[in-house]
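Please read the structure below before turning to the comments.
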Protein chains: 4
Amino acid sequence: MIVIMKRGATGAQLTNVTARIEQSGYRVHLSEGEERTIIGVIGNGRPLDRDPIERMDGVERTVPILRPFKLASREFHPQDTVVKVNGVSIGGKQLVVMAGPCAVENCEQIMEAARAVKEAGGRVLRGGAYKPRTSPYSFQGLGEEGLRLLAQARDETGLPVVTEVIEPQLVPLVTTYADILQVGARNMQNYALLHAVGEAQRPVLLKRGMMSTIEELLMAAEYILSHGNERIILCERGIRTFEPYTRNTLDISAVPLLKQLSHLPVIVDPSHGTGKWELVEPVSRAAVAAGADGLIIEVHPRPEEALSDGGQSLKPARFAALMEGLRPVVEAVGRTL
Amino acid sequence: MIVIMKRGATGAQLTNVTARIEQSGYRVHLSEGEERTIIGVIGNGRPLDRDPIERMDGVERTVPILRPFKLASREFHPQDTVVKVNGVSIGGKQLVVMAGPCAVENCEQIMEAARAVKEAGGRVLRGGAYKPRTSPYSFQGLGEEGLRLLAQARDETGLPVVTEVIEPQLVPLVTTYADILQVGARNMQNYALLHAVGEAQRPVLLKRGMMSTIEELLMAAEYILSHGNERIILCERGIRTFEPYTRNTLDISAVPLLKQLSHLPVIVDPSHGTGKWELVEPVSRAAVAAGADGLIIEVHPRPEEALSDGGQSLKPARFAALMEGLRPVVEAVGRTL
Amino acid sequence: MIVIMKRGATGAQLTNVTARIEQSGYRVHLSEGEERTIIGVIGNGRPLDRDPIERMDGVERTVPILRPFKLASREFHPQDTVVKVNGVSIGGKQLVVMAGPCAVENCEQIMEAARAVKEAGGRVLRGGAYKPRTSPYSFQGLGEEGLRLLAQARDETGLPVVTEVIEPQLVPLVTTYADILQVGARNMQNYALLHAVGEAQRPVLLKRGMMSTIEELLMAAEYILSHGNERIILCERGIRTFEPYTRNTLDISAVPLLKQLSHLPVIVDPSHGTGKWELVEPVSRAAVAAGADGLIIEVHPRPEEALSDGGQSLKPARFAALMEGLRPVVEAVGRTL
Amino acid sequence: MIVIMKRGATGAQLTNVTARIEQSGYRVHLSEGEERTIIGVIGNGRPLDRDPIERMDGVERTVPILRPFKLASREFHPQDTVVKVNGVSIGGKQLVVMAGPCAVENCEQIMEAARAVKEAGGRVLRGGAYKPRTSPYSFQGLGEEGLRLLAQARDETGLPVVTEVIEPQLVPLVTTYADILQVGARNMQNYALLHAVGEAQRPVLLKRGMMSTIEELLMAAEYILSHGNERIILCERGIRTFEPYTRNTLDISAVPLLKQLSHLPVIVDPSHGTGKWELVEPVSRAAVAAGADGLIIEVHPRPEEALSDGGQSLKPARFAALMEGLRPVVEAVGRTL
């Protein structure tokens, strides 16, 4: 950390600040410019909390030098993490496509979707049993019945299942049925939930909050890692901006940035990222070209009858076409589908 | 809801859409323009889910007519709601200032803060026992010990206590100690938590998420209302924008807008809303002038020693000066302090 | 400026960077931490360009220490600047309300508006003769005829006139008629225009761009100042965010922040800042309470017939009521109306 | 347009609104719901101005049905526009890469850059002679001398030249030297400039403003088209968001969206879009995969000596490697390089 003193800060103020830093177990290094004094804080590996220092008399502001995440950083863990689940490897050479309906609605729907996903080359089945919905009057998911149907679809198709868990208490139940636990965008900073999945024996698909910076996403991963779970898949799913044509603005640069900053695999959700099914195909190709390790796509046998997010779901035939169109791009970046 | 058909939509597509709407129990009203057909959906009071319709062939987009919230709306409940807690009325003529430290740190700190708040004219004591922190390595609060200290401060000063609850399981415990349950910005769409506080026997202070729209805030209130708890206080605390000088951008227009759209009381948090103690005073005055029913302000006996958010906390003397400066503005808008 | 070297940067890289800095006439001050070397750049008063340094091998990033604006800063010019125009002082004790229609439409309309503004206590008449409109098919203003009508309204009422200038070539013409030149939000970074008004003999009302930071606003002021014009009035008029209920999000914190960082007067535009006439009154009160030196408000004799921005204009009676309601707040903060 | 009346609007209010609409030459179509009356405005092809209607008593809000752009729309002009300049076709099968330094600095630099661009397969040379810079103290470009050097580089390499024009008065001069006129992001709503390039005899590269919606970009194109110039190339270059790691957030969905909504070619600027040279390569591949017709990339022989934007410029060797890596992706989407 660097501390920038105010122009005209007194010697006594400077002494107080350096004393405070040294009491916390750090060394200081002074640099006196013509207008301001700068204090370098030389550390013991872990960043000093900036807030209290920033509040001291004579301090203008502080500047962090070290990234606040450690276990999630590539500096700390240079090799790529590959998350393995039921024979599928996420973060390796193969691009992994996860697909399925937004919400599990009934047996026929999820079975039909699962077969379509499998047939087109998808590797993981997605489907929500617990749905966080903006309105209390909207369909909230089938709950445990939905989990049971997902497990049934896995048994038939062999596809591992990813599904969202929305509160800490549900982690044990969802773990019984699901292969990957999803933490949704609205819960990216639900620390009680991060704690709970950090102790679970399942890989975690961690979605970026629609209001979260890349650093905050990596700090959320750090929570999970610090509780012992190293099998985390990061997911870029669009951030909120002023642009109204799309539901969110998919931050494509986040893909190579996350791969540089972290060792964790990164996938992209073009369905929520755009909110429009017509955009899912081109944005999927872009994500692969930018270096994503996988995709998570909404597929519904009859989107016009979907109980949630129908507008961004693909029909099975369209999904199969997407997979076909994806293949040359996957190969162009040296991967397999 | 209005459905806008695509230019060139076929008669069969139109028939399908109208059939689907009528099957859901609504009536349709067609309006054929020169370029497009528009379908008015005439309702049974509750909005039809737009997503599935939007996904049908021939549909360009849909437009909502009714607001999606009902119990929270002023249309439904024209009189102002006044939330009463231990002799303090929030939403009435008196402006209610809640103040205290970001986190409860120890007995001496919270007692000192509570006395300072009381003496300067604050009506409610705030303090966090469970802290949602971006980093897993930051101070996370004292937990139940913090709740106990808050209750002790209330017993001494008579100030009712507001404190944050961060997961559904903790609601019963926090309810034992606190007078008002706070749902923090990061949890505004934690629906399991909204459900739990909706069933609690305590008023709820609901903070706007940092990237949540006003409509989403009212939908979160609707969750709580629909579970039976009508004692909700809305809180504007700044939204996330591109401006880096301040921690958040306080949305001052949200105050009169929320008062127009809803009957619930509205308070403002200038400490989180700006992130800089120098801005707390002018922004507090602005909030009162805009029609806020109250303020929630961070006060710490020694901000430079605070374990969290020291940079936005006021010292007791500064807080007393703020209260003094607030008085003429409070009176100018016809209220009391 | 501070230069943060990468972890593991070589001695040769360090030597290159320091050599480059010294060649540019600055001194360096090294600080070697356990993980990284930090270089303090000690200056000659003017900031070194960060971009080229940031691109050198071994450099992780650079951090600015000095603010990039100088002439606009309060450090450089501690006293408040008061802009005087035809007997009106902006930035002094009196709160100055500028009001009038978005666009000048015809003689009757501008005369009627001017009289209403004068009668209610407004001090400056606003009105657009050249209108930047999103659509090429919308009304673009009356041009010079509009300027003539504004001058006529000034002659009758004695109110000085502020009007927008949208290209450098028009500055001489607009200067002939107007008392204050307005640079609109869309032109805040139109440097050719800033240059031209910087050389004009008229005060400049500089509006913040809808996606411009406070620092960028002050840099735009720096352009004008550096061309010799010191009579600048800054205007907060709302920034673009994700919130759809209001046209923009008025950044109330910008008012005290600009007053801290700069010596220039600051006014607020609640009409564009909210886009809704119902919000103009409470937001005007908030702006005054936050410390604004003035307001600029849209008033139209018949908003429902306005050729632009009718939705945010006040009728004369409503404007008079606003002025009446403003008075106690103005006095509460120790100013006059 | 649709007009939504307020709940409880009176018959007289409804009559006034419909009368006003009919006076403007439109027909009305009433739809009475249980709670509100909706008025469909049936048109004469051109949208009615919504503002005045929205301000009438009894009106809650209005909803546009038609897109406000026409000449720029694919509905109006279904075939792709291909912009031809000196033998290069933009918007056809070939992906067109434009490259060169941010600013022309001297003869050696631009010649070296031009040769490197040509050799690696670039088709158009970019370089700024007039630079809009945030600070008045930064290098502002060589002006006409820069234009002369660009023309010299074209003469030697055969590459057509694109360069920015920053004010209407400079259009004739820049037209003398340049093959494509660039309108920069900060000038996207500089209507005097749009007017001037709309009358110029050169193709226009129109960059999206960092604060502009897709609709506003197309409205800016509409300005140019409505003044007679049909040779427009749209450019996505990142929008401003809350994410601080990157300079802007490149909106990848804008590429397929613009191709759907409009017939104009679309290119992407990954250099400004990310602000980091390490991200230029993966984001370039993503842009091609999403369907972009071209790229515009900053290349500088010695970025560490660049007078502007060095941090996002590629060295020639790196640019050549980017072109090589791009080829398989270009072919995967059925295009040529």
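Chain labels A, B, ... are given in the sequence in which chains occur in the structure tokens; within each chain residues are numbered consecutively from 1, and ligands are likewise numbered from 1 in the order shown.
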
List as a Markdown table every residue of chain B that is in contact with chain C, defined as an atom at most 8 Å from one of its atoms (using only C-alpha atoms), together with the nearest atom pair and the distance in Å rounded to one decimal, sorted by chain and then rising number.
```
| residue | atom | partner | partner_atom | distance |
| --- | --- | --- | --- | --- |
| B:Met211 | CA | C:Phe242 | CA | 7.7 |
| B:Ser212 | CA | C:Glu243 | CA | 7.9 |
| B:Thr213 | CA | C:Glu243 | CA | 5.4 |
| B:Ile214 | CA | C:Glu243 | CA | 7.3 |
| B:Thr241 | CA | C:Thr241 | CA | 6.4 |
| B:Phe242 | CA | C:Thr213 | CA | 7.4 |
| B:Glu243 | CA | C:Thr213 | CA | 5.3 |
| B:Pro244 | CA | C:Thr213 | CA | 7.5 |
| B:Tyr245 | CA | C:Ile214 | CA | 7.6 |
| B:Thr246 | CA | C:Ser253 | CA | 7.9 |
| B:Thr249 | CA | C:Asp251 | CA | 6.2 |
| B:Leu250 | CA | C:Asp251 | CA | 6.5 |
| B:Asp251 | CA | C:Thr249 | CA | 6.2 |
| B:Ile252 | CA | C:Ile252 | CA | 6.5 |
| B:Ser253 | CA | C:Val283 | CA | 6.4 |
| B:Pro256 | CA | C:Leu279 | CA | 6.7 |
| B:Leu257 | CA | C:Leu279 | CA | 7.4 |
| B:Thr274 | CA | C:Ser253 | CA | 7.0 |
| B:Leu279 | CA | C:Pro256 | CA | 6.7 |
| B:Pro282 | CA | C:Ala290 | CA | 4.6 |
| B:Val283 | CA | C:Ala290 | CA | 5.8 |
| B:Arg285 | CA | C:Ala289 | CA | 5.4 |
| B:Ala286 | CA | C:Ala286 | CA | 4.0 |
| B:Ala287 | CA | C:Ala286 | CA | 6.4 |
| B:Val288 | CA | C:Ala286 | CA | 7.5 |
| B:Ala289 | CA | C:Ala286 | CA | 4.9 |
| B:Ala290 | CA | C:Pro282 | CA | 4.6 |
| B:Gly291 | CA | C:Pro282 | CA | 6.9 |
| B:Pro328 | CA | C:Ala332 | CA | 5.0 |
| B:Val329 | CA | C:Ala332 | CA | 5.3 |
| B:Ala332 | CA | C:Pro328 | CA | 5.0 |
| B:Val333 | CA | C:Val329 | CA | 7.3 |
```

Once chain C has been least-squares superposed onto chain A, matching all their Cα atoms in order, can you return it as a compact mmCIF listing (two decimals) with C-alpha atoms, in the first residue's frame?
```txt
# COMPACT_ATOMS: atom_id res chain seq x y z
CA MET C 1 -0.04 -0.05 0.03
CA ILE C 2 1.04 3.52 -0.57
CA VAL C 3 -0.18 6.41 1.57
CA ILE C 4 -0.35 9.84 -0.06
CA MET C 5 -0.20 12.63 2.53
CA LYS C 6 -1.99 15.91 1.94
CA ARG C 7 -0.08 18.91 0.67
CA GLY C 8 0.93 20.73 3.83
CA ALA C 9 0.50 17.76 6.17
CA THR C 10 2.42 18.43 9.39
CA GLY C 11 5.35 16.48 10.76
CA ALA C 12 3.23 15.34 13.69
CA GLN C 13 0.58 13.95 11.34
CA LEU C 14 3.26 12.09 9.43
CA THR C 15 4.64 10.65 12.66
CA ASN C 16 1.20 9.45 13.74
CA VAL C 17 0.58 7.69 10.45
CA THR C 18 3.93 5.95 10.36
CA ALA C 19 3.57 4.92 14.00
CA ARG C 20 0.17 3.42 13.25
CA ILE C 21 1.53 1.45 10.29
CA GLU C 22 4.49 0.15 12.26
CA GLN C 23 2.24 -0.91 15.14
CA SER C 24 0.36 -3.10 12.67
CA GLY C 25 3.60 -4.96 11.90
CA TYR C 26 4.60 -3.26 8.64
CA ARG C 27 7.64 -1.21 7.74
CA VAL C 28 7.46 2.26 6.18
CA HIS C 29 9.49 3.87 3.45
CA LEU C 30 9.23 7.64 3.07
CA SER C 31 9.47 9.50 -0.22
CA GLU C 32 9.30 13.29 -0.02
CA GLY C 33 8.25 15.01 -3.22
CA GLU C 34 8.12 18.74 -3.75
CA GLU C 35 4.46 18.94 -2.95
CA ARG C 36 3.60 15.84 -1.02
CA THR C 37 5.07 13.06 1.09
CA ILE C 38 4.38 9.50 0.03
CA ILE C 39 4.65 6.58 2.45
CA GLY C 40 5.38 3.12 1.11
CA VAL C 41 4.00 0.38 3.37
CA ILE C 42 6.24 -2.65 3.22
CA GLY C 43 4.44 -5.70 4.13
CA ASN C 44 4.18 -9.09 5.57
CA GLY C 45 2.43 -10.57 2.54
CA ARG C 46 -1.11 -9.72 3.57
CA PRO C 47 -2.54 -6.30 2.66
CA LEU C 48 -3.07 -3.78 5.47
CA ASP C 49 -6.67 -2.53 5.82
CA ARG C 50 -6.72 0.85 4.02
CA ASP C 51 -9.82 2.35 5.59
CA PRO C 52 -8.50 3.32 9.03
CA ILE C 53 -5.32 4.81 7.58
CA GLU C 54 -7.30 6.81 5.06
CA ARG C 55 -9.22 8.40 7.91
CA MET C 56 -6.16 9.74 9.77
CA ASP C 57 -5.40 13.45 9.83
CA GLY C 58 -3.11 14.59 7.05
CA VAL C 59 -3.80 11.61 4.78
CA GLU C 60 -5.14 12.39 1.31
CA ARG C 61 -5.68 8.85 0.09
CA THR C 62 -4.16 5.39 -0.10
CA VAL C 63 -3.35 3.24 -3.10
CA PRO C 64 -3.34 -0.56 -3.01
CA ILE C 65 -0.35 -2.30 -4.57
CA LEU C 66 -1.14 -5.96 -4.08
CA ARG C 67 -4.27 -7.57 -5.47
CA PRO C 68 -6.59 -8.42 -2.57
CA PHE C 69 -7.09 -12.02 -3.72
CA LYS C 70 -4.41 -14.65 -3.25
CA LEU C 71 -5.67 -18.24 -3.50
CA ALA C 72 -7.59 -17.33 -6.66
CA SER C 73 -4.59 -15.62 -8.29
CA ARG C 74 -2.42 -17.01 -11.02
CA GLU C 75 0.62 -15.56 -9.26
CA PHE C 76 -0.05 -17.92 -6.38
CA HIS C 77 -1.10 -20.87 -8.54
CA PRO C 78 0.44 -20.60 -12.04
CA GLN C 79 -1.05 -23.80 -13.54
CA ASP C 80 -4.57 -23.87 -14.94
CA THR C 81 -7.06 -25.51 -12.62
CA VAL C 82 -9.07 -28.20 -14.39
CA VAL C 83 -12.36 -29.08 -12.67
CA LYS C 84 -13.37 -32.69 -13.20
CA VAL C 85 -16.88 -33.93 -12.70
CA ASN C 86 -18.23 -37.32 -13.77
CA GLY C 87 -15.72 -37.67 -16.58
CA VAL C 88 -16.07 -34.10 -17.88
CA SER C 89 -13.05 -31.81 -17.54
CA ILE C 90 -13.70 -28.07 -17.40
CA GLY C 91 -10.66 -25.89 -18.05
CA GLY C 92 -8.83 -28.39 -20.25
CA LYS C 93 -8.53 -28.66 -24.00
CA GLN C 94 -12.14 -29.54 -24.59
CA LEU C 95 -14.70 -26.77 -24.73
CA VAL C 96 -17.55 -27.78 -22.41
CA VAL C 97 -21.10 -26.76 -23.29
CA MET C 98 -23.65 -26.86 -20.47
CA ALA C 99 -27.24 -26.50 -21.58
CA GLY C 100 -30.83 -26.98 -20.52
CA PRO C 101 -33.90 -25.05 -19.47
CA CYS C 102 -33.87 -22.06 -17.15
CA ALA C 103 -36.27 -23.86 -14.81
CA VAL C 104 -37.27 -27.51 -14.48
CA GLU C 105 -41.01 -27.49 -15.14
CA ASN C 106 -42.07 -31.11 -15.39
CA CYS C 107 -40.72 -34.54 -16.23
CA GLU C 108 -41.47 -34.43 -19.93
CA GLN C 109 -39.87 -31.03 -20.41
CA ILE C 110 -36.59 -31.81 -18.64
CA MET C 111 -36.25 -35.24 -20.28
CA GLU C 112 -36.86 -33.82 -23.71
CA ALA C 113 -34.36 -31.01 -23.06
CA ALA C 114 -31.74 -33.40 -21.66
CA ARG C 115 -31.95 -35.67 -24.68
CA ALA C 116 -31.65 -32.70 -27.04
CA VAL C 117 -28.62 -31.37 -25.16
CA LYS C 118 -26.94 -34.77 -25.18
CA GLU C 119 -27.63 -35.39 -28.83
CA ALA C 120 -26.25 -32.04 -29.95
CA GLY C 121 -23.02 -32.55 -28.02
CA GLY C 122 -23.66 -30.75 -24.72
CA ARG C 123 -21.67 -32.22 -21.81
CA VAL C 124 -23.53 -30.94 -18.74
CA LEU C 125 -27.27 -30.49 -18.12
CA ARG C 126 -28.42 -27.27 -16.52
CA GLY C 127 -31.84 -26.64 -14.97
CA GLY C 128 -33.17 -24.64 -12.03
CA ALA C 129 -35.13 -26.19 -9.19
CA TYR C 130 -34.97 -23.10 -6.99
CA LYS C 131 -35.43 -19.89 -8.95
CA PRO C 132 -34.64 -16.42 -7.61
CA ARG C 133 -37.34 -14.31 -9.27
CA THR C 134 -37.77 -10.56 -9.11
CA SER C 135 -41.47 -10.90 -8.40
CA PRO C 136 -42.93 -12.87 -5.49
CA TYR C 137 -45.80 -13.76 -7.82
CA SER C 138 -43.63 -15.48 -10.47
CA PHE C 139 -42.95 -19.21 -10.64
CA GLN C 140 -40.25 -19.98 -8.04
CA GLY C 141 -39.25 -23.45 -9.19
CA LEU C 142 -40.32 -26.98 -8.26
CA GLY C 143 -37.87 -27.25 -5.34
CA GLU C 144 -36.87 -30.77 -4.33
CA GLU C 145 -39.17 -32.27 -6.95
CA GLY C 146 -37.12 -30.38 -9.54
CA LEU C 147 -33.90 -31.81 -8.12
CA ARG C 148 -35.34 -35.31 -8.37
CA LEU C 149 -36.26 -34.78 -12.01
CA LEU C 150 -32.75 -33.50 -12.76
CA ALA C 151 -31.21 -36.59 -11.17
CA GLN C 152 -33.54 -38.74 -13.25
CA ALA C 153 -32.43 -36.93 -16.42
CA ARG C 154 -28.81 -37.53 -15.45
CA ASP C 155 -29.48 -41.18 -14.88
CA GLU C 156 -30.97 -41.51 -18.32
CA THR C 157 -28.49 -39.42 -20.30
CA GLY C 158 -25.29 -39.67 -18.27
CA LEU C 159 -24.94 -35.88 -18.30
CA PRO C 160 -23.78 -34.41 -14.99
CA VAL C 161 -26.16 -31.82 -13.59
CA VAL C 162 -25.59 -28.19 -12.54
CA THR C 163 -28.30 -26.42 -10.56
CA GLU C 164 -28.57 -23.30 -8.46
CA VAL C 165 -28.54 -23.24 -4.69
CA ILE C 166 -30.04 -20.10 -3.19
CA GLU C 167 -29.52 -20.40 0.55
CA PRO C 168 -26.95 -21.99 2.87
CA GLN C 169 -29.48 -24.34 4.44
CA LEU C 170 -30.24 -25.93 1.09
CA VAL C 171 -26.63 -26.84 0.31
CA PRO C 172 -26.81 -30.37 1.81
CA LEU C 173 -30.03 -31.17 -0.02
CA VAL C 174 -28.84 -29.85 -3.38
CA THR C 175 -25.53 -31.65 -2.93
CA THR C 176 -27.44 -34.92 -2.69
CA TYR C 177 -28.81 -34.51 -6.20
CA ALA C 178 -26.49 -32.19 -8.14
CA ASP C 179 -23.00 -32.62 -9.56
CA ILE C 180 -22.18 -28.91 -9.68
CA LEU C 181 -23.59 -26.26 -7.34
CA GLN C 182 -24.40 -22.97 -9.00
CA VAL C 183 -24.15 -19.66 -7.13
CA GLY C 184 -26.26 -17.20 -9.09
CA ALA C 185 -25.45 -13.62 -10.00
CA ARG C 186 -27.72 -12.17 -7.30
CA ASN C 187 -25.94 -14.27 -4.67
CA MET C 188 -22.34 -13.61 -5.67
CA GLN C 189 -21.86 -11.60 -2.48
CA ASN C 190 -24.09 -13.74 -0.27
CA TYR C 191 -21.22 -14.61 2.03
CA ALA C 192 -23.11 -17.14 4.12
CA LEU C 193 -23.83 -19.05 0.92
CA LEU C 194 -20.22 -18.76 -0.29
CA HIS C 195 -19.12 -20.14 3.08
CA ALA C 196 -21.53 -23.07 2.78
CA VAL C 197 -20.54 -24.06 -0.76
CA GLY C 198 -16.90 -23.60 0.26
CA GLU C 199 -17.39 -26.51 2.63
CA ALA C 200 -19.41 -28.65 0.22
CA GLN C 201 -17.98 -31.65 -1.63
CA ARG C 202 -19.02 -30.43 -5.05
CA PRO C 203 -17.58 -28.14 -7.73
CA VAL C 204 -19.08 -24.65 -7.71
CA LEU C 205 -20.18 -22.63 -10.74
CA LEU C 206 -19.81 -19.02 -9.56
CA LYS C 207 -21.62 -16.41 -11.65
CA ARG C 208 -20.46 -12.82 -11.75
CA GLY C 209 -22.92 -10.41 -10.17
CA MET C 210 -24.56 -8.11 -12.67
CA MET C 211 -22.89 -5.10 -11.11
CA SER C 212 -19.79 -6.75 -9.73
CA THR C 213 -16.28 -5.94 -10.79
CA ILE C 214 -13.86 -8.62 -11.89
CA GLU C 215 -11.97 -8.11 -8.65
CA GLU C 216 -15.13 -8.69 -6.62
CA LEU C 217 -15.80 -11.89 -8.56
CA LEU C 218 -12.32 -13.12 -7.69
CA MET C 219 -12.83 -12.10 -4.05
CA ALA C 220 -16.03 -14.19 -4.02
CA ALA C 221 -13.97 -17.11 -5.38
CA GLU C 222 -11.43 -16.38 -2.63
CA TYR C 223 -14.18 -16.88 -0.02
CA ILE C 224 -14.97 -20.32 -1.41
CA LEU C 225 -11.29 -21.24 -1.75
CA SER C 226 -10.53 -20.07 1.76
CA HIS C 227 -13.16 -22.50 3.06
CA GLY C 228 -11.41 -25.38 1.34
CA ASN C 229 -13.21 -25.91 -1.95
CA GLU C 230 -10.82 -25.52 -4.87
CA ARG C 231 -13.13 -26.70 -7.64
CA ILE C 232 -14.55 -23.39 -8.85
CA ILE C 233 -15.74 -22.46 -12.33
CA LEU C 234 -16.08 -18.71 -12.95
CA CYS C 235 -18.90 -17.51 -15.19
CA GLU C 236 -19.21 -14.20 -17.05
CA ARG C 237 -22.92 -13.56 -17.63
CA GLY C 238 -23.16 -9.90 -18.51
CA ILE C 239 -23.14 -6.75 -16.43
CA ARG C 240 -25.72 -4.05 -16.05
CA THR C 241 -25.19 -0.93 -18.14
CA PHE C 242 -27.27 1.87 -19.63
CA GLU C 243 -27.87 -0.02 -22.91
CA PRO C 244 -31.52 -1.05 -23.12
CA TYR C 245 -31.57 -3.28 -26.25
CA THR C 246 -29.94 -6.18 -24.41
CA ARG C 247 -30.82 -7.48 -20.96
CA ASN C 248 -27.19 -7.17 -19.87
CA THR C 249 -23.94 -6.19 -21.56
CA LEU C 250 -21.72 -9.23 -21.91
CA ASP C 251 -18.20 -8.22 -20.90
CA ILE C 252 -16.14 -10.18 -23.41
CA SER C 253 -12.82 -8.78 -22.15
CA ALA C 254 -13.51 -10.40 -18.80
CA VAL C 255 -12.71 -13.78 -20.34
CA PRO C 256 -9.03 -13.16 -21.19
CA LEU C 257 -8.64 -10.95 -18.12
CA LEU C 258 -9.89 -13.65 -15.74
CA LYS C 259 -7.64 -16.19 -17.44
CA GLN C 260 -4.66 -13.85 -16.86
CA LEU C 261 -5.45 -12.97 -13.27
CA SER C 262 -6.60 -16.38 -12.12
CA HIS C 263 -5.99 -20.09 -12.66
CA LEU C 264 -9.68 -20.98 -12.48
CA PRO C 265 -11.66 -22.05 -15.56
CA VAL C 266 -13.95 -19.42 -17.11
CA ILE C 267 -17.22 -20.03 -18.92
CA VAL C 268 -19.71 -17.65 -20.51
CA ASP C 269 -23.50 -17.47 -20.32
CA PRO C 270 -24.67 -15.89 -23.59
CA SER C 271 -28.35 -16.45 -22.75
CA HIS C 272 -28.47 -14.20 -19.68
CA GLY C 273 -25.65 -12.10 -21.10
CA THR C 274 -27.85 -10.92 -23.95
CA GLY C 275 -31.41 -11.86 -23.03
CA LYS C 276 -32.24 -12.46 -26.71
CA TRP C 277 -32.12 -15.83 -28.35
CA GLU C 278 -31.10 -14.32 -31.71
CA LEU C 279 -27.84 -13.14 -30.14
CA VAL C 280 -26.92 -16.38 -28.38
CA GLU C 281 -25.23 -17.92 -31.38
CA PRO C 282 -22.87 -15.09 -32.42
CA VAL C 283 -22.00 -14.30 -28.82
CA SER C 284 -21.23 -17.99 -28.14
CA ARG C 285 -18.78 -17.96 -31.01
CA ALA C 286 -17.21 -14.78 -29.67
CA ALA C 287 -16.80 -16.27 -26.22
CA VAL C 288 -14.98 -19.29 -27.60
CA ALA C 289 -12.74 -17.11 -29.74
CA ALA C 290 -11.89 -14.99 -26.69
CA GLY C 291 -10.68 -18.08 -24.85
CA ALA C 292 -13.63 -19.27 -22.74
CA ASP C 293 -13.39 -22.83 -21.40
CA GLY C 294 -17.09 -23.41 -21.82
CA LEU C 295 -20.58 -22.06 -22.33
CA ILE C 296 -23.85 -22.34 -20.45
CA ILE C 297 -26.87 -21.98 -22.70
CA GLU C 298 -30.62 -22.05 -22.17
CA VAL C 299 -32.41 -24.68 -24.23
CA HIS C 300 -36.12 -25.37 -23.91
CA PRO C 301 -38.22 -27.77 -25.98
CA ARG C 302 -40.98 -25.15 -26.28
CA PRO C 303 -39.68 -21.71 -25.27
CA GLU C 304 -43.03 -20.08 -25.92
CA GLU C 305 -44.47 -22.18 -23.08
CA ALA C 306 -41.54 -21.64 -20.71
CA LEU C 307 -42.40 -20.51 -17.19
CA SER C 308 -39.34 -18.25 -17.05
CA ASP C 309 -36.89 -16.57 -19.42
CA GLY C 310 -38.47 -17.99 -22.55
CA GLY C 311 -37.23 -15.04 -24.57
CA GLN C 312 -33.61 -16.10 -24.33
CA SER C 313 -34.03 -19.86 -24.75
CA LEU C 314 -33.15 -21.81 -27.87
CA LYS C 315 -35.26 -24.57 -29.36
CA PRO C 316 -33.45 -27.91 -29.67
CA ALA C 317 -33.00 -27.59 -33.43
CA ARG C 318 -31.52 -24.15 -33.06
CA PHE C 319 -29.19 -25.38 -30.33
CA ALA C 320 -28.00 -28.21 -32.55
CA ALA C 321 -27.29 -25.68 -35.30
CA LEU C 322 -25.38 -23.52 -32.83
CA MET C 323 -23.20 -26.48 -31.85
CA GLU C 324 -22.54 -27.22 -35.50
CA GLY C 325 -21.57 -23.61 -36.20
CA LEU C 326 -19.38 -23.53 -33.12
CA ARG C 327 -17.19 -26.41 -34.19
CA PRO C 328 -14.97 -24.58 -36.73
CA VAL C 329 -14.40 -21.70 -34.27
CA VAL C 330 -13.51 -24.15 -31.49
CA GLU C 331 -11.00 -25.78 -33.79
CA ALA C 332 -9.65 -22.43 -34.99
CA VAL C 333 -8.54 -21.68 -31.45
CA GLY C 334 -6.98 -25.11 -31.03
CA ARG C 335 -9.60 -26.80 -28.90
CA THR C 336 -12.08 -29.64 -29.30
CA LEU C 337 -15.82 -29.69 -28.84
```

Quiz item: When DSSP works through the backbone of this structure, what residues of stretch 92-331 of chain C end up as strand (DSSP E), shown as a ChimeraX atom specification?
Solution: /C:96-100,124-126,161-164,180-183,204-207,232-236,266-268,294-298

Exercise. Taking the chain letters and numbering used in this document, name the residues of stretch 179-208 of chain A that DSSP puts in helix (DSSP H, G or I), as an NGL selection string.
Key: :A and (185-187 or 191-198)
